[in-house]
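Novice: Sending over a structure as structure tokens; questions will come in a sec.
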Amino acid sequence: MSNTTTLDTAATSLLRFATAGSVDDGKSTLVGRLLHDSKSVLTDQLEAVERASLGRGQETPDLALLTDGLRAEREQGITIDVAYRYFATPRRRFILADTPGHVQYTRNMVTGASTAELAVVLVDARNGVVEQTRRHAAVAALLRVPHVVLAVNKMDLVDYAEPAFAAIAEEFTSYAASLGVPEITAIPISALAGDNVVTPSAHMDWYGGPTVLEHLETVPVHTDPSHDPGRFPVQYVIRPQTATHPDYRGYAGQIASGILRVGDRVTVLPSGRTSTIEALDVLGRAVDAAWAPQSVTVQLTDDLDISRGDLITPSASAPVTSQDIEATICHVADRPLKVGQRVLLKHTTRTVKALVKDIPSRLTLDDLSQHPAPGELAANDIGRIVVRTAEPLALDAYADSRRTGSFLLIDPSDGTTLTAGMAGTAFADAAAETAPAAATDDESWDF
């Protein structure tokens, strides 16, 4: 299949990754060191950092300023927003999300890691694994990030001692593995001094593994779309109704997963009607096949009633639609999420009314136990919920598809994002779930 082969060759040259860690573990310094030592910093950027560092009384450039862009971040020396950076080496291109460490900004970590194929979790060698480290490991596991790097930072402050690194690596690896993280790589570093970030350290001859950059350049990235079922959420219906195109009807959007081919028999959900793909258009050019994440226009042989939010999928691999959704969520709003609450559920391009029917459990990060029937979830809590939607939705299990297995819960009164949801079972060692309890429905949202 020549089209897929071409895609694989191109796609493996791009890696999306996120950094996370507790406050002052050195995330921004690591990112700055990575950019600086890989020669991915423009001269004027470096000069601006040097001037800002001198203004703060520092003799050497503070590389953390390369990513801390907000004025509040620079003044406080912390990361608040997700800072995205793009850089490249001869071996691979990178999209990097530097996420905050404070617990109140866990929502930003969810944003940064939601599309990441690798997460770098930093730990201060002096402090070891702390609660926020466990929280970030849990978020990475929930979001099914396939590769996790444990970067034990500030090794220079513990005299580059191997036992200090080994103890932290063992504790973190055991914890992350119990969450179902498939691959964990531990690397001892000093972001400030540059040890094992881009170049190997002369102070840690006991370590024989890759540097951070070497691992980023060589970690395998899954890119073959033929392994995933085809999913195409309709974003816009094109009906020019002009003299040139009086009967043209095209469905535009981005393929969420898999491959679509001309001649495929497809099902439109939630209606369940079927048709055949008559034509595919990518950037104004007719093609025989298109794959994720390409943006395409699909034409069908039949004139069906299709609108924004409908899902076009090959009939052979169509998902089951349902109004009852069981999922694990990370609650990101300041206001708690409660049983019986009315919400909007946004899945791909579709938004529907929904009710929180039950909150069976909340995850305790210390020992991964499930606290049963908490009644509500507060900001940054991770828990299980049961939601009833007003209309059927075609969700995949998040373990099968990160794009079509994820959703957001939104406050209908002001549009605030409440939670990030992952359909299906969250962790490998998920606790037994209790039966959903009935909630009192508001009459206007009774479905």
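Chains: A, B, ... in order of the structure tokens. Residues: from 1 per chain. Ligands: from 1, in order shown.
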Using the chain letters and numbers from this document, which residues of stretch 334-400 of chain A does DSSP assign to strand (DSSP E), as an mmCIF file with N, CA, C and O atoms, in the first residue's frame?

Specialist:
data_model
loop_
_atom_site.group_PDB
_atom_site.id
_atom_site.type_symbol
_atom_site.label_atom_id
_atom_site.label_comp_id
_atom_site.auth_asym_id
_atom_site.auth_seq_id
_atom_site.Cartn_x
_atom_site.Cartn_y
_atom_site.Cartn_z
ATOM 1 N N LEU A 337 -17.773 19.196 40.335
ATOM 2 C CA LEU A 337 -18.737 18.472 39.509
ATOM 3 C C LEU A 337 -19.556 17.579 40.428
ATOM 4 O O LEU A 337 -18.995 16.802 41.211
ATOM 5 N N LYS A 338 -20.893 17.669 40.336
ATOM 6 C CA LYS A 338 -21.755 16.968 41.276
ATOM 7 C C LYS A 338 -22.714 16.029 40.552
ATOM 8 O O LYS A 338 -23.050 16.253 39.381
ATOM 9 N N ARG A 342 -26.343 19.294 35.328
ATOM 10 C CA ARG A 342 -26.596 19.411 33.893
ATOM 11 C C ARG A 342 -25.357 19.985 33.212
ATOM 12 O O ARG A 342 -24.805 20.991 33.661
ATOM 13 N N VAL A 343 -24.947 19.374 32.127
ATOM 14 C CA VAL A 343 -23.735 19.785 31.425
ATOM 15 C C VAL A 343 -23.960 19.676 29.922
ATOM 16 O O VAL A 343 -24.962 19.118 29.472
ATOM 17 N N LEU A 344 -23.023 20.204 29.177
ATOM 18 C CA LEU A 344 -22.928 19.937 27.749
ATOM 19 C C LEU A 344 -21.747 19.006 27.533
ATOM 20 O O LEU A 344 -20.701 19.177 28.166
ATOM 21 N N LEU A 345 -21.909 18.027 26.666
ATOM 22 C CA LEU A 345 -20.825 17.099 26.354
ATOM 23 C C LEU A 345 -20.379 17.332 24.920
ATOM 24 O O LEU A 345 -21.194 17.213 23.994
ATOM 25 N N LYS A 346 -19.115 17.680 24.750
ATOM 26 C CA LYS A 346 -18.558 17.915 23.416
ATOM 27 C C LYS A 346 -17.683 16.737 23.019
ATOM 28 O O LYS A 346 -16.675 16.449 23.676
ATOM 29 N N HIS A 347 -18.074 16.060 21.942
ATOM 30 C CA HIS A 347 -17.322 14.911 21.430
ATOM 31 C C HIS A 347 -17.026 15.168 19.962
ATOM 32 O O HIS A 347 -17.945 15.337 19.167
ATOM 33 N N ARG A 350 -19.363 17.333 17.754
ATOM 34 C CA ARG A 350 -20.751 17.244 18.208
ATOM 35 C C ARG A 350 -20.875 17.681 19.672
ATOM 36 O O ARG A 350 -20.081 17.253 20.508
ATOM 37 N N THR A 351 -21.865 18.506 19.980
ATOM 38 C CA THR A 351 -22.125 18.938 21.342
ATOM 39 C C THR A 351 -23.580 18.645 21.682
ATOM 40 O O THR A 351 -24.487 19.055 20.949
ATOM 41 N N VAL A 352 -23.809 17.923 22.795
ATOM 42 C CA VAL A 352 -25.162 17.535 23.187
ATOM 43 C C VAL A 352 -25.367 17.822 24.672
ATOM 44 O O VAL A 352 -24.414 17.946 25.438
ATOM 45 N N LYS A 353 -26.626 17.917 25.078
ATOM 46 C CA LYS A 353 -26.956 18.051 26.490
ATOM 47 C C LYS A 353 -26.710 16.721 27.201
ATOM 48 O O LYS A 353 -26.854 15.649 26.619
ATOM 49 N N ALA A 354 -26.354 16.798 28.489
ATOM 50 C CA ALA A 354 -26.089 15.575 29.248
ATOM 51 C C ALA A 354 -26.333 15.812 30.726
ATOM 52 O O ALA A 354 -26.378 16.949 31.204
ATOM 53 N N LEU A 355 -26.501 14.709 31.453
ATOM 54 C CA LEU A 355 -26.668 14.722 32.902
ATOM 55 C C LEU A 355 -25.618 13.837 33.543
ATOM 56 O O LEU A 355 -25.349 12.733 33.047
ATOM 57 N N VAL A 356 -25.018 14.317 34.619
ATOM 58 C CA VAL A 356 -24.105 13.484 35.398
ATOM 59 C C VAL A 356 -24.965 12.579 36.273
ATOM 60 O O VAL A 356 -25.542 13.016 37.267
ATOM 61 N N LYS A 357 -25.061 11.301 35.907
ATOM 62 C CA LYS A 357 -25.944 10.373 36.618
ATOM 63 C C LYS A 357 -25.302 9.832 37.900
ATOM 64 O O LYS A 357 -25.993 9.577 38.883
ATOM 65 N N ASP A 358 -23.984 9.654 37.876
ATOM 66 C CA ASP A 358 -23.333 9.056 39.042
ATOM 67 C C ASP A 358 -21.847 9.369 39.017
ATOM 68 O O ASP A 358 -21.258 9.589 37.953
ATOM 69 N N ILE A 359 -21.251 9.423 40.191
ATOM 70 C CA ILE A 359 -19.795 9.520 40.352
ATOM 71 C C ILE A 359 -19.397 8.341 41.237
ATOM 72 O O ILE A 359 -19.362 8.461 42.465
ATOM 73 N N PRO A 360 -19.117 7.183 40.645
ATOM 74 C CA PRO A 360 -18.872 5.974 41.440
ATOM 75 C C PRO A 360 -17.641 6.043 42.328
ATOM 76 O O PRO A 360 -17.626 5.455 43.413
ATOM 77 N N SER A 361 -16.594 6.763 41.880
ATOM 78 C CA SER A 361 -15.371 6.727 42.684
ATOM 79 C C SER A 361 -14.460 7.897 42.358
ATOM 80 O O SER A 361 -14.571 8.521 41.294
ATOM 81 N N ARG A 362 -13.550 8.178 43.303
ATOM 82 C CA ARG A 362 -12.491 9.167 43.107
ATOM 83 C C ARG A 362 -11.169 8.483 43.395
ATOM 84 O O ARG A 362 -11.026 7.732 44.365
ATOM 85 N N LEU A 363 -10.171 8.756 42.555
ATOM 86 C CA LEU A 363 -8.869 8.116 42.694
ATOM 87 C C LEU A 363 -8.041 8.793 43.780
ATOM 88 O O LEU A 363 -7.935 10.020 43.830
ATOM 89 N N GLN A 370 -9.512 3.462 45.253
ATOM 90 C CA GLN A 370 -10.696 4.173 44.795
ATOM 91 C C GLN A 370 -11.569 4.540 45.986
ATOM 92 O O GLN A 370 -11.998 3.667 46.745
ATOM 93 N N HIS A 371 -11.823 5.830 46.158
ATOM 94 C CA HIS A 371 -12.723 6.292 47.216
ATOM 95 C C HIS A 371 -14.140 6.220 46.673
ATOM 96 O O HIS A 371 -14.492 6.950 45.746
ATOM 97 N N PRO A 372 -14.989 5.330 47.205
ATOM 98 C CA PRO A 372 -16.309 5.113 46.605
ATOM 99 C C PRO A 372 -17.287 6.249 46.871
ATOM 100 O O PRO A 372 -17.259 6.893 47.919
ATOM 101 N N GLU A 376 -19.090 14.212 44.613
ATOM 102 C CA GLU A 376 -18.624 15.293 43.755
ATOM 103 C C GLU A 376 -17.123 15.161 43.537
ATOM 104 O O GLU A 376 -16.431 14.455 44.266
ATOM 105 N N LEU A 377 -16.647 15.842 42.505
ATOM 106 C CA LEU A 377 -15.219 15.887 42.218
ATOM 107 C C LEU A 377 -14.776 17.342 42.225
ATOM 108 O O LEU A 377 -15.381 18.184 41.563
ATOM 109 N N ILE A 382 -9.346 13.194 39.979
ATOM 110 C CA ILE A 382 -9.494 12.189 38.936
ATOM 111 C C ILE A 382 -10.496 11.157 39.442
ATOM 112 O O ILE A 382 -10.359 10.646 40.564
ATOM 113 N N GLY A 383 -11.517 10.877 38.664
ATOM 114 C CA GLY A 383 -12.542 9.954 39.131
ATOM 115 C C GLY A 383 -13.333 9.340 37.999
ATOM 116 O O GLY A 383 -13.165 9.684 36.822
ATOM 117 N N ARG A 384 -14.211 8.403 38.368
ATOM 118 C CA ARG A 384 -15.097 7.743 37.424
ATOM 119 C C ARG A 384 -16.462 8.421 37.451
ATOM 120 O O ARG A 384 -16.956 8.804 38.524
ATOM 121 N N ILE A 385 -17.086 8.566 36.279
ATOM 122 C CA ILE A 385 -18.430 9.133 36.221
ATOM 123 C C ILE A 385 -19.290 8.327 35.252
ATOM 124 O O ILE A 385 -18.781 7.585 34.401
ATOM 125 N N VAL A 386 -20.597 8.484 35.396
ATOM 126 C CA VAL A 386 -21.580 7.930 34.464
ATOM 127 C C VAL A 386 -22.423 9.100 33.970
ATOM 128 O O VAL A 386 -22.963 9.869 34.775
ATOM 129 N N VAL A 387 -22.508 9.258 32.657
ATOM 130 C CA VAL A 387 -23.211 10.380 32.046
ATOM 131 C C VAL A 387 -24.296 9.845 31.110
ATOM 132 O O VAL A 387 -24.081 8.865 30.392
ATOM 133 N N ARG A 388 -25.436 10.500 31.139
ATOM 134 C CA ARG A 388 -26.529 10.189 30.209
ATOM 135 C C ARG A 388 -26.690 11.366 29.259
ATOM 136 O O ARG A 388 -26.853 12.517 29.685
ATOM 137 N N THR A 389 -26.631 11.105 27.954
ATOM 138 C CA THR A 389 -26.713 12.167 26.953
ATOM 139 C C THR A 389 -28.098 12.227 26.329
ATOM 140 O O THR A 389 -28.830 11.232 26.278
ATOM 141 N N ALA A 390 -28.470 13.403 25.831
ATOM 142 C CA ALA A 390 -29.786 13.602 25.223
ATOM 143 C C ALA A 390 -29.889 12.900 23.877
ATOM 144 O O ALA A 390 -30.985 12.548 23.435
ATOM 145 N N GLU A 391 -28.753 12.718 23.205
ATOM 146 C CA GLU A 391 -28.735 12.069 21.892
ATOM 147 C C GLU A 391 -27.638 11.014 21.882
ATOM 148 O O GLU A 391 -26.642 11.128 22.603
ATOM 149 N N PRO A 392 -27.799 9.973 21.059
ATOM 150 C CA PRO A 392 -26.770 8.932 20.993
ATOM 151 C C PRO A 392 -25.449 9.487 20.473
ATOM 152 O O PRO A 392 -25.420 10.350 19.581
ATOM 153 N N LEU A 393 -24.350 8.995 21.023
ATOM 154 C CA LEU A 393 -23.012 9.382 20.586
ATOM 155 C C LEU A 393 -22.230 8.136 20.176
ATOM 156 O O LEU A 393 -22.430 7.057 20.733
#

Novice: Excluding stretch 275-287 of chain A and its own-chain neighbours fewer than 5 positions away, which residues fall within 10 Å of it when counting only C-alpha atoms? Please give them as a VMD selection string.

Specialist: chain A and resid 250 to 252 260 to 268 294 to 304 312 314 to 315

Novice: If we count only C-alpha atoms and set the cut-off at 12 Å, which residues sit around A:Ala161, ignoring sequence neighbours fewer than 5 positions away in its own chain? Please answer as a ChimeraX atom specification.

Specialist: /A:125-126,152-156,166-168,188-189,203-207

Novice: Could you build a table of the residues in stretch 266-365 of chain A lying no more than 7 Å from stretch 227-239 of chain A, giving for each the nearest pair of atoms and their separation in Å rounded to one decimal place, using only C-alpha atoms, ordered by chain and ascending residue number, as CSV?

Specialist:
residue,atom,partner,partner_atom,distance
A:Ser307,CA,A:Val237,CA,6.4
A:Arg308,CA,A:Gln235,CA,5.0
A:Gly309,CA,A:Val234,CA,5.5
A:Asp310,CA,A:Val234,CA,5.5
A:Leu311,CA,A:Pro233,CA,4.4
A:Ile312,CA,A:Phe232,CA,5.0
A:Thr313,CA,A:Arg231,CA,5.0
A:Pro314,CA,A:Gly230,CA,6.1
A:Ser317,CA,A:Pro229,CA,6.0
A:Thr348,CA,A:Pro233,CA,6.4
A:Thr349,CA,A:Gln235,CA,6.0

Novice: Atom CA of A:Ile306 and atom CA of A:Trp291 are how many Å apart?

Specialist: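 So the two atoms, atom CA of A:Ile306 and atom CA of A:Trp291, lie 20.9 Å apart.
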
Novice: Closest to A:Phe407 among A:Ser114, A:Pro210, A:Ile255, A:Gln341, using only C-alpha atoms?

Specialist: A:Ser114

Novice: Please compute the atom CA of A:Asp366-atom CA of A:Glu183 distance, one decimal, in Å.

Specialist: 21.1 Å

Novice: Between atom CA of A:Ala97 and atom CA of A:Ala113, what is the distance, to one decimal in Å?

Specialist: 7.6 Å
